[in-house]
Structures are given as C-alpha cells and as structure tokens.
Amino acid sequence: MQDSPKIQVPEYALTVVQRLEHFGYEAYVVGGCVRDSMLGRTPKDWDVCTNATPQQVLGAFKRFSVIKTGLQHGTVTVMVDHEPVEVTTFRIDGEYTDNRHPDAVTFVSRVEEDLARRDFTINAMAYNPTHGLVDAFGGQQDLAAGLIRCVGEPDARFNEDGLRILRALRFASRYNFDIERETAFSMRRNRHLLHNVSVERIFTELKGILIGSGAGSMMLAFPEIFSVIIPELAPSFGFDQRNPHHVYDVWTHTAHAVQATPADPVLRLSMLLHDIAKPACFSVDAAGKGHFYGHPEKGAEMAEQILLRLKSDTATLENVRTLVRVHDTCFPTTRADMRRFIGRLGLPIVKQLFDIKKADHAAQSTHERAEKQAELREAALLIDELLDEPPAFTVKDLAINGRDLISLGIKPSPAMGELLSTLLTEVQDETLQNSKEALTARVHQLLMP
C-alpha cells in the first residue's frame with residue numbers, strides 16, 4: 001500500500017465495494033478508472049476486483065440486478081442505480097495459445113497477483129477508499145513520467161495478447177505519453193502477432209489511436225506497426241515527393257496532416273489515407289519535379305478496399321472515400337459554381353473538406369501557403385454568403401417539385417428530371433427566381449417555346 005491522492009469513487013461503485021466488504025471480502029476499484037482519476041479525468045466505467053469468488057459475488061448481490069458477463073473468467077456485472085459495475089475475482093491467467101485469450105483462469109487471494117496479469121503499469125493499480133492505493137509495479141510513477149510500460153516482461157505480455165500492441169499506441173496517443181524503451185522494442189519485435197487479432201478489434205483500436213492528441217507522434221515512431229494493419233501504407237515510408245509544395249516524405253507529411261486535423265475518426269482516417277496512392281501515381285517531369293496525377297481517385301479506390309477489409313461501417317467508408325477523392329479539389333470561386341459544388345457533395349462533406357485542406361496545407365512547405373490560405377478564406381466567405389440566402393443547391397430546394405409538374409399536365413418521365421435540373425441550373429446562375437410563379441412560368445416557356 002502507498003499514499004495517493006484521494007480518488008472520488010462515485011456512489012454506485014462505492015456501494016459495490018462496501019457491500020463486498022460488509023460480507024467480509026476485499027474489494028478495490030481497479031484499472032482504467034484509477035488511472036483516469038489520478039490523471040484528473042472522468043472515468044467512463046468503474047470496475048471492481050475482489051477476492052470473493054463469482055458465486056460469492058452473486059450471493060452478496062442477490063437483491064441487485066446481476067448480469068453473468070463472463071462467469072467462467074470470474075466476471076459479473078452488477079447494476080446499481082442503473083449504472084453497471086463490472087466485478088472480477090482476483091485471478092491469474094493460464095496459457096494464451098491463441099495469443100488473444102487465456103485458455104483458463106485461476107482464482108487467487110491477493111490483489112497483487114491479479115494486478116501482475118495486467119497489460120501496462122498505469123492500468124495495474126487498485127484503490128480502496130479505506131486502505132488507499134495498491135501499486136506494485138510503479139504505475140503512479142509512470143503516470144507522473146508520462147510513460148507506457150508493460151507489467152513485467154514485455155514479450156510475455158504481448159505474446160499473451162497481440163492486441164496490447166495497439167492498446168499501447170492508443171494509450172500513448174490519448175495521453176500524449178511516450179512508450180518505454182523495452183516496451184517499444186517488444187512492440188516492434190512482436191508486431192506479427194497482430195495477424196491473430198480480428199479486423200474489427202484492429203479497426204476500433206486504430207480509430208482510438210488516430211483521434212488521440214499524440215497520433216502523429218505514434219505514426220512517426222511506429223510506422224512498421226501501422227503497415228501491419230494497413231500494408232498499403234508501407235510504400236509511403238520515406239518516399240521523396242520531389243515537389244516544392246512539400247518538405248516531408250509522404251508518410252511524414254501524412255503524420256503531420258493527421259495531427260493537424262480535428263480529432264474526429266472520419267477526418268483522421270481520411271488524412272491517414274489521403275495520399276496513400278501517391279507512390280503508385282508518381283512521375284517526374286523534365287525539370288525533375290515530382291507529380292502525382294490521379295492520386296486522389298486512385299486513393300479513394302484504395303481507401304474503399306482498405307475499409308472494406310477492416311469491416312468499417314458503411315457511413316464511415318463512404319465519407320472517407322469521398323474526402324480522399326476530393327481532398328485535392330479547389331473550391332469554386334463563383335456563386336453558381338459553389339452552389340453546384342455544394343449540391344454535388346452535400347454541405348457536410350464541403351465543411352469537412354475545409355478541415356481536410358487546412359490540415360493538408362499545414363503539413364506542406366510554405367511554398368504558396370499564403371495563396372492557399374487566401375483561397376480557403378474566400379471560399380468560406382462565399383459559402384457563408386450562400387447559406388445566408390434561401391438554399392439553391394439541389395432540385396429539392398426548388399419552389400416546385402415533381403407533383404407540381406404533374407399538376408401542370410407533365411407526365412412522369414426522365415424528361416421531368418431533366419426539366420427540374422434545367423430549372424435548378426438557371427436558379428443557381430441567378431437568371432431565374434426561385435419562386436413558384438417564376439418557375440411555373442419558365443416551365444411553360446420551356447415546353448411551349
């Protein structure tokens with residue numbers, strides 16, 4: 001035991017600890033909730049560990065709603081005031097023949113033995129409001145130093161569960177911590193173990209890494225691990241762009257661009273993949289200048305295949321694919337063209353494109369940076385101007401619709417859609433007023449010239 005800042009355990013979790021103690025058992029809040037509390041963050045979940053066996057836990061909480069979450073591994077979930085508290089019996093793990101899950105667990109009586117099986121020192125601390133902090137592996141010291149360090153031998157921890165390699169990156173990225181030297185060496189040495197992890201878990205961890213405040217640093221420090229997750233990234237490592245717009249190789253540019261993007265999974269996935277096709281599209285002109293013609297379109301195709309392989313949800317896939325495809329597109333400079341641009345992509349994508357382009361520019365050289373920034377400012381002003389007016393981005397924004405045309409005697413047909421498109425173009429060009437009267441009059445003109 002050692003002194004520690006007092007951790008404010010919420011009432012519902014405290015109820016679990018105190019009830020277990022009432023029945024004569026030891027109980028501690030443990031893991032991530034202790035870590036985050038000591039960092040001054042609000043934990044998402046509160047977990048409890050205890051020397052009570054699962055059956056004894058069930059007996060102590062007969063009057064509570066209890067979910068038998070993983071009874072064979074010693075875990076149940078107790079509901080207190082509609083809040084879940086996961087309660088796990090002190091245990092040590094058996095062999096991990098699949099490099100992911102223990103074949104069996106053995107219940108033990110000491111909390112220190114339970115903490116010894118955990119992944120990183122900052123996650124291997126337990127706290128009891130009466131007895132204080134249990135920290136047998138230096139987690140408090142590593143928190144203060146900003147270090148991710150394995151509990152015990154790193155190779156053993158990663159061979160038990162290959163996913164821990166990505167968890168280390170996620171924690172380091174989230175808290176902007178460094179990864180301790182031996183732990184980092186072991187992560188690189190054992191990166192092949194990620195092949196034993198499901199793509200769904202990999203994708204979840206990847207998004208967690210990318211939205212962290214230290215994402216760019218992790219990308220630069222561990223490119224070989226990212227290339228296990230997405231092999232298509234490897235050609236960008238060290239790839240010289242030979243272009244005045246760039247001071248970094250493709251991967252370094254990508255890392256800086258990810259870091260400069262708002263911490264949103266879609267935006268950061270888009271930046272991770274935005275230049276993935278550059279090596280495949282590279283050419284050099286007579287002056288020795290590098291070009292990447294067609295890389296946005298090719299990159300969008302690659303991004304789609306990568307996200308399909310990672311079993312991304314459809315909305316994320318489609319959003320990322322679109323942003324990769326248009327990331328190099330210049331914003332229109334006229335009111336009519338900007339209306340059509342918004343109508344084609346949709347306002348949400350256009351707003352995201354601003355974030356993408358700002359981050360892309362921030363990760364480039366200073367060559368023409370002032371001009372690029374001016375173009376973005378002008379585009380933003382133009383969009384704000386258009387948004388202050390009645391919308392005229394798609395045919396749905398017109399003051400008449402297909403039903404109105406039918407009432408005018410026009411039969412449903414492809415020609416009806418073409419007519420609405422013509423009306424929209426004229427409204428966008430500001431040669432036609434978007435009112436029912438003006439549009440109806442124009443329909444009569446077009447049908448009866």
# chains A, B, ... in the order shown; residues from 1 in each chain; ligands from 1

call {"tool": "residues_around", "arguments": {"residues": "segment 371-377 of chain A", "least_positions_apart": "5", "cutoff": "12 Å", "atoms": "only C-alpha atoms", "output": "list in words"}}
result
His245, Asp328, Thr329, Cys330, Phe331, Pro332, Thr333, Val350, Lys351, Leu353, Phe354, Asp355, Ile356, Lys357, Lys358, Ala359, Asp360, His361, Ala362, Gln364, Ser365, Thr366, Leu382, Ile383 and Asp384 of chain A

call {"tool": "closest_residue", "arguments": {"among": "A:Pro231, A:Pro84, A:Gly294, A:Gly70", "to": "Lys278 of chain A", "atoms": "only C-alpha atoms"}}
result
A:Gly294

call {"tool": "closest_residue", "arguments": {"among": "A:Val16, A:Leu387, A:Leu169, A:Ala116", "to": "Arg157 of chain A", "atoms": "only C-alpha atoms"}}
result
A:Ala116

call {"tool": "residues_around", "arguments": {"residues": "Thr183 of chain A", "least_positions_apart": "4", "cutoff": "12 Å", "atoms": "only C-alpha atoms", "output": "PyMOL selection string"}}
result
chain A and resi 119-121+147-158+164-165+168-169+172+178-179+187-191

call {"tool": "write_last_selection", "arguments": {"atoms": "N, CA, C and O atoms", "output": "tab-separated table (two decimals), in the first residue's frame"}}
result
chain	number	residue	atom	x	y	z
A	119	ASP	N	-1.90	-5.45	-18.42
A	119	ASP	CA	-1.02	-5.11	-19.53
A	119	ASP	C	0.05	-4.08	-19.20
A	119	ASP	O	1.25	-4.33	-19.35
A	120	PHE	N	-0.36	-2.90	-18.72
A	120	PHE	CA	0.59	-1.80	-18.52
A	120	PHE	C	0.52	-1.31	-17.07
A	120	PHE	O	-0.54	-1.40	-16.42
A	121	THR	N	1.62	-0.78	-16.60
A	121	THR	CA	1.69	-0.37	-15.19
A	121	THR	C	0.62	0.65	-14.83
A	121	THR	O	0.08	0.61	-13.72
A	147	LEU	N	4.69	7.71	-19.14
A	147	LEU	CA	5.25	6.53	-19.80
A	147	LEU	C	4.25	5.39	-19.86
A	147	LEU	O	3.54	5.12	-18.89
A	148	ILE	N	4.24	4.70	-21.01
A	148	ILE	CA	3.53	3.43	-21.15
A	148	ILE	C	4.56	2.32	-21.01
A	148	ILE	O	5.51	2.24	-21.81
A	149	ARG	N	4.41	1.48	-20.00
A	149	ARG	CA	5.38	0.42	-19.71
A	149	ARG	C	4.62	-0.87	-19.41
A	149	ARG	O	3.61	-0.86	-18.68
A	150	CYS	N	5.07	-1.96	-19.97
A	150	CYS	CA	4.43	-3.24	-19.68
A	150	CYS	C	4.64	-3.65	-18.23
A	150	CYS	O	5.67	-3.33	-17.62
A	151	VAL	N	3.68	-4.36	-17.68
A	151	VAL	CA	3.86	-5.02	-16.39
A	151	VAL	C	4.74	-6.24	-16.63
A	151	VAL	O	4.40	-7.12	-17.43
A	152	GLY	N	5.89	-6.30	-15.97
A	152	GLY	CA	6.76	-7.45	-16.14
A	152	GLY	C	7.45	-7.46	-17.49
A	152	GLY	O	7.83	-6.42	-18.02
A	153	GLU	N	7.60	-8.63	-18.08
A	153	GLU	CA	8.33	-8.83	-19.32
A	153	GLU	C	7.47	-8.46	-20.53
A	153	GLU	O	6.43	-9.08	-20.76
A	154	PRO	N	7.87	-7.47	-21.33
A	154	PRO	CA	7.02	-7.04	-22.46
A	154	PRO	C	6.70	-8.17	-23.44
A	154	PRO	O	5.56	-8.29	-23.89
A	155	ASP	N	7.69	-8.97	-23.80
A	155	ASP	CA	7.42	-10.05	-24.77
A	155	ASP	C	6.32	-10.98	-24.26
A	155	ASP	O	5.47	-11.43	-25.03
A	156	ALA	N	6.35	-11.27	-22.97
A	156	ALA	CA	5.32	-12.15	-22.39
A	156	ALA	C	3.95	-11.50	-22.48
A	156	ALA	O	2.96	-12.15	-22.85
A	157	ARG	N	3.87	-10.22	-22.17
A	157	ARG	CA	2.58	-9.53	-22.21
A	157	ARG	C	2.01	-9.50	-23.64
A	157	ARG	O	0.82	-9.72	-23.85
A	158	PHE	N	2.86	-9.23	-24.63
A	158	PHE	CA	2.35	-9.14	-26.00
A	158	PHE	C	2.06	-10.52	-26.58
A	158	PHE	O	1.16	-10.67	-27.40
A	164	ARG	N	-2.57	-5.92	-27.39
A	164	ARG	CA	-1.93	-4.98	-26.47
A	164	ARG	C	-0.94	-4.06	-27.19
A	164	ARG	O	-0.66	-2.96	-26.71
A	165	ILE	N	-0.41	-4.49	-28.32
A	165	ILE	CA	0.49	-3.63	-29.09
A	165	ILE	C	-0.25	-2.36	-29.52
A	165	ILE	O	0.28	-1.25	-29.41
A	168	ALA	N	-1.20	-0.15	-26.50
A	168	ALA	CA	-0.09	0.71	-26.07
A	168	ALA	C	-0.06	1.99	-26.91
A	168	ALA	O	0.10	3.09	-26.37
A	169	LEU	N	-0.22	1.84	-28.21
A	169	LEU	CA	-0.25	3.02	-29.08
A	169	LEU	C	-1.44	3.91	-28.75
A	169	LEU	O	-1.33	5.14	-28.76
A	172	ALA	N	-0.79	5.77	-25.44
A	172	ALA	CA	0.25	6.78	-25.66
A	172	ALA	C	-0.30	7.95	-26.46
A	172	ALA	O	0.01	9.12	-26.18
A	178	ASP	N	4.95	8.89	-23.79
A	178	ASP	CA	5.97	8.12	-24.50
A	178	ASP	C	5.79	6.64	-24.17
A	178	ASP	O	5.14	6.29	-23.18
A	179	ILE	N	6.39	5.80	-25.00
A	179	ILE	CA	6.38	4.36	-24.72
A	179	ILE	C	7.78	3.97	-24.26
A	179	ILE	O	8.78	4.28	-24.93
A	187	MET	N	7.19	-4.23	-28.90
A	187	MET	CA	6.06	-3.99	-29.79
A	187	MET	C	6.48	-4.19	-31.25
A	187	MET	O	5.77	-4.84	-32.03
A	188	ARG	N	7.63	-3.63	-31.59
A	188	ARG	CA	8.11	-3.79	-32.97
A	188	ARG	C	8.46	-5.25	-33.25
A	188	ARG	O	8.13	-5.79	-34.32
A	189	ARG	N	9.11	-5.89	-32.30
A	189	ARG	CA	9.56	-7.27	-32.47
A	189	ARG	C	8.38	-8.24	-32.62
A	189	ARG	O	8.47	-9.23	-33.35
A	190	ASN	N	7.29	-7.92	-31.94
A	190	ASN	CA	6.15	-8.85	-31.92
A	190	ASN	C	4.97	-8.38	-32.76
A	190	ASN	O	3.86	-8.89	-32.63
A	191	ARG	N	5.19	-7.42	-33.65
A	191	ARG	CA	4.07	-6.85	-34.41
A	191	ARG	C	3.34	-7.89	-35.26
A	191	ARG	O	2.17	-7.71	-35.58
